[in-house]
Every structure is written in C-alpha cells, then in structure tokens.
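Trainee: Below is one structure. I have some questions about it.
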Amino acid sequence: AAQLADQLFFSHQWGEDTHETARLSVNDAIAFSPALMDQGLPARGGADGSMLIFPNVELNFQANLGISDSVELLTPFLRNNTQFSAGDLIQFAGAVTIGNCPGAPKLELMAGCLNATAPAHDGLIPEPQDSVDKIFARMKDGGNFSPDEVVALLACHSIARSDPFDPSIEAVPFNSTP
C-alpha cells in the first residue's frame, strides 16, 4: 500500500492530483441507482472503476468534466498491476487522498469491487446547479444517505478543486488547505 501511495501521490503530499482523485472516488461510487434497476435498466456503476474502464464515455458526462487528470494518473498503474480491480484502485486512491489531507484520519479500505462491464448511466452524479431536493433524492437512491450525511459529504468538497465549473478559476482548490 505504501509503495502504491508513493507511486501515485508523490510521497504522500497534498496537491492537485489528490484534490482531483478525491472527487473521482466519490463520482465513481455514487453513479449507482437501484431506482433505475427497478425500472428494468441494467445495473451499472457504484465503485466499479467504470471511469477508468470507459473513459471515452464517462469523462464526457457534465458532472465528470475536470476528472481526466486523475484518470490519466491511475490508468497506467491499473494496466501494470492487474491484481487490482479498477474500482478498488479508485477507492484506494481516494482513501490515500483523504489520508494525505493534513489532520485527516486514515481510512479503512474494503476491497473486492468488481470491474465495470458497462459505463455508468449519465445523470447520476449530483451537480452544483441541482436543487437541494434533487441532491437529497439522488443520494438517497445512490447510497441510502440521510440529509445529514449528504451535508457531511458536501462539506468534503472543500478539499476538491474548482475546474471546470467556473473557467475563470480553473484548477483552483475550493479552500486554502496546503
């Protein structure tokens, strides 16, 4: 694990790659919908690494714009280390990313994600312009999150970075964490 962290995250430093990788881990995991399965659509998404496996599809989703650098960072490692699933690699990278944040806890990783067999459905990742009710409904469907848990997850955006929602401030962190 330490070797992987060193290879991917430049000796455990907090920087632009880690800002973006935190966002990638959340977006990969939340793109899951039991409600769509109830409608007869195929199950897809949910920490399955689909963004690494289908980058030509999912990186074009509006909610994923600006995540391509982290996908490009992880893809060669995945290609050269076939013992990891794409979903496990993304979630491991997210856990390391959080652990690199000054004062943050070290997170436990529960490995065992299967690789995606199809891209996630578009429209499953909440976006900044969505209403509060729409975000709460999406997060309830995607992970059975309570409103309090959604607020806590939204607070985590303070460690992400801004691109490309406002092109005038592209690649600027949402806060001043060193």
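Order determines the names: the first chain of the structure tokens is A, the second B, and so forth; residues in each chain are numbered 1 upward, and ligands are numbered 1 upward as they are shown.
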Can you tell me, as a list in words, what residues are no more than 12 Å from Leu36 (chain A) when counting only C-alpha atoms, ignoring any on the same chain fewer than 5 positions away?

Mentor: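 The filter keeps Ala31, Leu41, Pro42, Ala43, Arg44, Gly45, Ala120, His121, Asp122, Gly123, Leu124, Arg138, Asp141 and Gly142 of chain A.
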
Trainee: Counting only C-alpha atoms, which of A:Asp69, A:Asp48, A:Asp38, A:Asp88 gets nearest to Ala116 (chain A)?

Mentor: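 Of the candidates, the smallest distance to Ala116 (chain A) is held by A:Asp48.
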
Trainee: Rank A:Ala47, A:Met139, A:Ala22, A:Ala35 by their smallest atom-to-atom distance to Pro119 (chain A), using only C-alpha atoms, and report the top residue only.

Mentor: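 Of the candidates, the smallest distance to Pro119 (chain A) is held by A:Ala47.
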
Trainee: Just checking: using only C-alpha atoms, which residue out of A:Met110, A:Val57, A:Val150, A:Ala95 ends up closest to Pro126 (chain A)?

Mentor: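 Of A:Met110, A:Val57, A:Val150, A:Ala95, the one nearest Pro126 (chain A), counting only C-alpha atoms, is A:Val150.
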
Trainee: Given the choices A:Ser25, A:Leu65, A:Pro102, A:Gly94, which gets closest to Gly49 (chain A) if the distance is worked out from only C-alpha atoms?

Mentor: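 Residue with the minimum atom-to-atom distance to Gly49 (chain A): A:Ser25.
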
Trainee: Using only C-alpha atoms, which residue out of A:Gln39, A:Thr97, A:Asn64, A:Val26 lies closest to Leu154 (chain A)?

Mentor: A:Val26

Trainee: Let me make sure I understand: among A:Gln62, A:Asp17, A:Gly103, A:Gly112, which one has the smallest atom-to-atom distance to Leu74 (chain A) if we use only C-alpha atoms?

Mentor: A:Asp17

Trainee: Find the residues around Glu108 (chain A) up to 12 Å (only C-alpha atoms counted), leave out those fewer than 2 positions away in its own chain, and share them as a PyMOL selection string.

Mentor: chain A and resi 1+91-96+98-99+105-106+110-111

Trainee: With N, CA, C and O atoms retained, export the selected residues as an mmCIF file, in the first residue's frame.

Mentor:
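Printed below is part39.cif as written:
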data_model
loop_
_atom_site.group_PDB
_atom_site.id
_atom_site.type_symbol
_atom_site.label_atom_id
_atom_site.label_comp_id
_atom_site.auth_asym_id
_atom_site.auth_seq_id
_atom_site.Cartn_x
_atom_site.Cartn_y
_atom_site.Cartn_z
ATOM 1 N N ALA A 1 0.823 -1.201 0.000
ATOM 2 C CA ALA A 1 0.000 0.000 0.000
ATOM 3 C C ALA A 1 0.863 1.258 0.000
ATOM 4 O O ALA A 1 0.570 2.210 -0.706
ATOM 5 N N GLN A 91 -10.971 3.591 -5.286
ATOM 6 C CA GLN A 91 -11.327 3.800 -3.882
ATOM 7 C C GLN A 91 -10.089 3.828 -2.983
ATOM 8 O O GLN A 91 -10.044 4.576 -2.007
ATOM 9 N N PHE A 92 -9.062 3.032 -3.318
ATOM 10 C CA PHE A 92 -7.812 3.106 -2.576
ATOM 11 C C PHE A 92 -7.187 4.488 -2.756
ATOM 12 O O PHE A 92 -6.739 5.112 -1.791
ATOM 13 N N ALA A 93 -7.174 4.963 -3.988
ATOM 14 C CA ALA A 93 -6.625 6.292 -4.253
ATOM 15 C C ALA A 93 -7.390 7.357 -3.467
ATOM 16 O O ALA A 93 -6.788 8.296 -2.924
ATOM 17 N N GLY A 94 -8.704 7.227 -3.387
ATOM 18 C CA GLY A 94 -9.500 8.168 -2.604
ATOM 19 C C GLY A 94 -9.162 8.116 -1.125
ATOM 20 O O GLY A 94 -9.046 9.145 -0.459
ATOM 21 N N ALA A 95 -8.974 6.908 -0.592
ATOM 22 C CA ALA A 95 -8.624 6.764 0.827
ATOM 23 C C ALA A 95 -7.249 7.352 1.108
ATOM 24 O O ALA A 95 -7.049 8.041 2.116
ATOM 25 N N VAL A 96 -6.293 7.118 0.214
ATOM 26 C CA VAL A 96 -4.956 7.696 0.372
ATOM 27 C C VAL A 96 -5.036 9.215 0.284
ATOM 28 O O VAL A 96 -4.400 9.937 1.058
ATOM 29 N N ILE A 98 -7.528 11.219 1.061
ATOM 30 C CA ILE A 98 -8.049 11.777 2.313
ATOM 31 C C ILE A 98 -6.975 11.706 3.393
ATOM 32 O O ILE A 98 -6.772 12.655 4.154
ATOM 33 N N GLY A 99 -6.257 10.595 3.457
ATOM 34 C CA GLY A 99 -5.191 10.454 4.439
ATOM 35 C C GLY A 99 -4.054 11.447 4.246
ATOM 36 O O GLY A 99 -3.336 11.767 5.192
ATOM 37 N N PRO A 105 -8.095 11.635 9.132
ATOM 38 C CA PRO A 105 -7.896 10.255 9.597
ATOM 39 C C PRO A 105 -7.403 9.370 8.456
ATOM 40 O O PRO A 105 -7.552 9.706 7.281
ATOM 41 N N LYS A 106 -6.834 8.249 8.796
ATOM 42 C CA LYS A 106 -6.508 7.202 7.817
ATOM 43 C C LYS A 106 -7.771 6.362 7.671
ATOM 44 O O LYS A 106 -8.374 5.948 8.653
ATOM 45 N N MET A 110 -12.243 -1.320 2.090
ATOM 46 C CA MET A 110 -12.862 -2.630 1.950
ATOM 47 C C MET A 110 -12.749 -3.015 0.477
ATOM 48 O O MET A 110 -13.518 -2.536 -0.357
ATOM 49 N N ALA A 111 -11.756 -3.814 0.131
ATOM 50 C CA ALA A 111 -11.502 -4.195 -1.256
ATOM 51 C C ALA A 111 -12.454 -5.304 -1.689
ATOM 52 O O ALA A 111 -13.036 -5.998 -0.868
#

Trainee: If you run DSSP over the backbone, which residues in region 8-147 of chain A end up alpha helix (DSSP H)? Put them as a PyMOL selection string.

Mentor: chain A and resi 8-9+16-30+34-38+50-53+55-58+68-80+86-100+132-143+147

Trainee: Quick one: everything within 12 Å of Pro76 (chain A), counting only C-alpha atoms, minus sequence neighbours fewer than 4 positions away in the same chain. Send it as a ChimeraX atom specification.

Mentor: /A:7-8,52-53,70-72,80-82,86,89

Trainee: Output N, CA and C atoms for every residue in the selection just made, as a tab-separated table (two decimals), in the first residue's frame.

Mentor:
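File written: result.tsv
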chain	number	residue	atom	x	y	z
A	7	GLN	N	3.96	5.85	-5.37
A	7	GLN	CA	3.96	5.94	-6.83
A	7	GLN	C	2.88	6.89	-7.34
A	8	LEU	N	1.73	6.87	-6.70
A	8	LEU	CA	0.62	7.66	-7.20
A	8	LEU	C	0.55	9.07	-6.63
A	52	LEU	N	-12.32	4.48	-15.22
A	52	LEU	CA	-11.04	4.04	-15.77
A	52	LEU	C	-11.22	3.10	-16.95
A	53	ILE	N	-12.29	2.33	-16.93
A	53	ILE	CA	-12.53	1.33	-17.98
A	53	ILE	C	-13.20	1.95	-19.20
A	70	SER	N	-6.91	12.77	-13.07
A	70	SER	CA	-6.80	11.66	-12.11
A	70	SER	C	-6.98	10.32	-12.81
A	71	VAL	N	-7.81	10.27	-13.84
A	71	VAL	CA	-7.96	9.04	-14.62
A	71	VAL	C	-6.64	8.72	-15.33
A	72	GLU	N	-6.02	9.75	-15.91
A	72	GLU	CA	-4.73	9.55	-16.58
A	72	GLU	C	-3.64	9.14	-15.60
A	80	ASN	N	-0.61	-1.90	-15.37
A	80	ASN	CA	0.59	-2.63	-14.97
A	80	ASN	C	0.42	-3.45	-13.69
A	81	ASN	N	-0.74	-3.37	-13.05
A	81	ASN	CA	-0.99	-4.08	-11.81
A	81	ASN	C	-2.37	-4.73	-11.86
A	82	THR	N	-2.45	-5.82	-12.57
A	82	THR	CA	-3.75	-6.44	-12.84
A	82	THR	C	-4.36	-7.12	-11.62
A	86	ALA	N	-10.36	-2.04	-11.08
A	86	ALA	CA	-10.39	-0.59	-11.30
A	86	ALA	C	-11.12	0.12	-10.17
A	89	LEU	N	-8.88	0.25	-7.09
A	89	LEU	CA	-7.81	1.24	-7.27
A	89	LEU	C	-8.33	2.65	-7.04
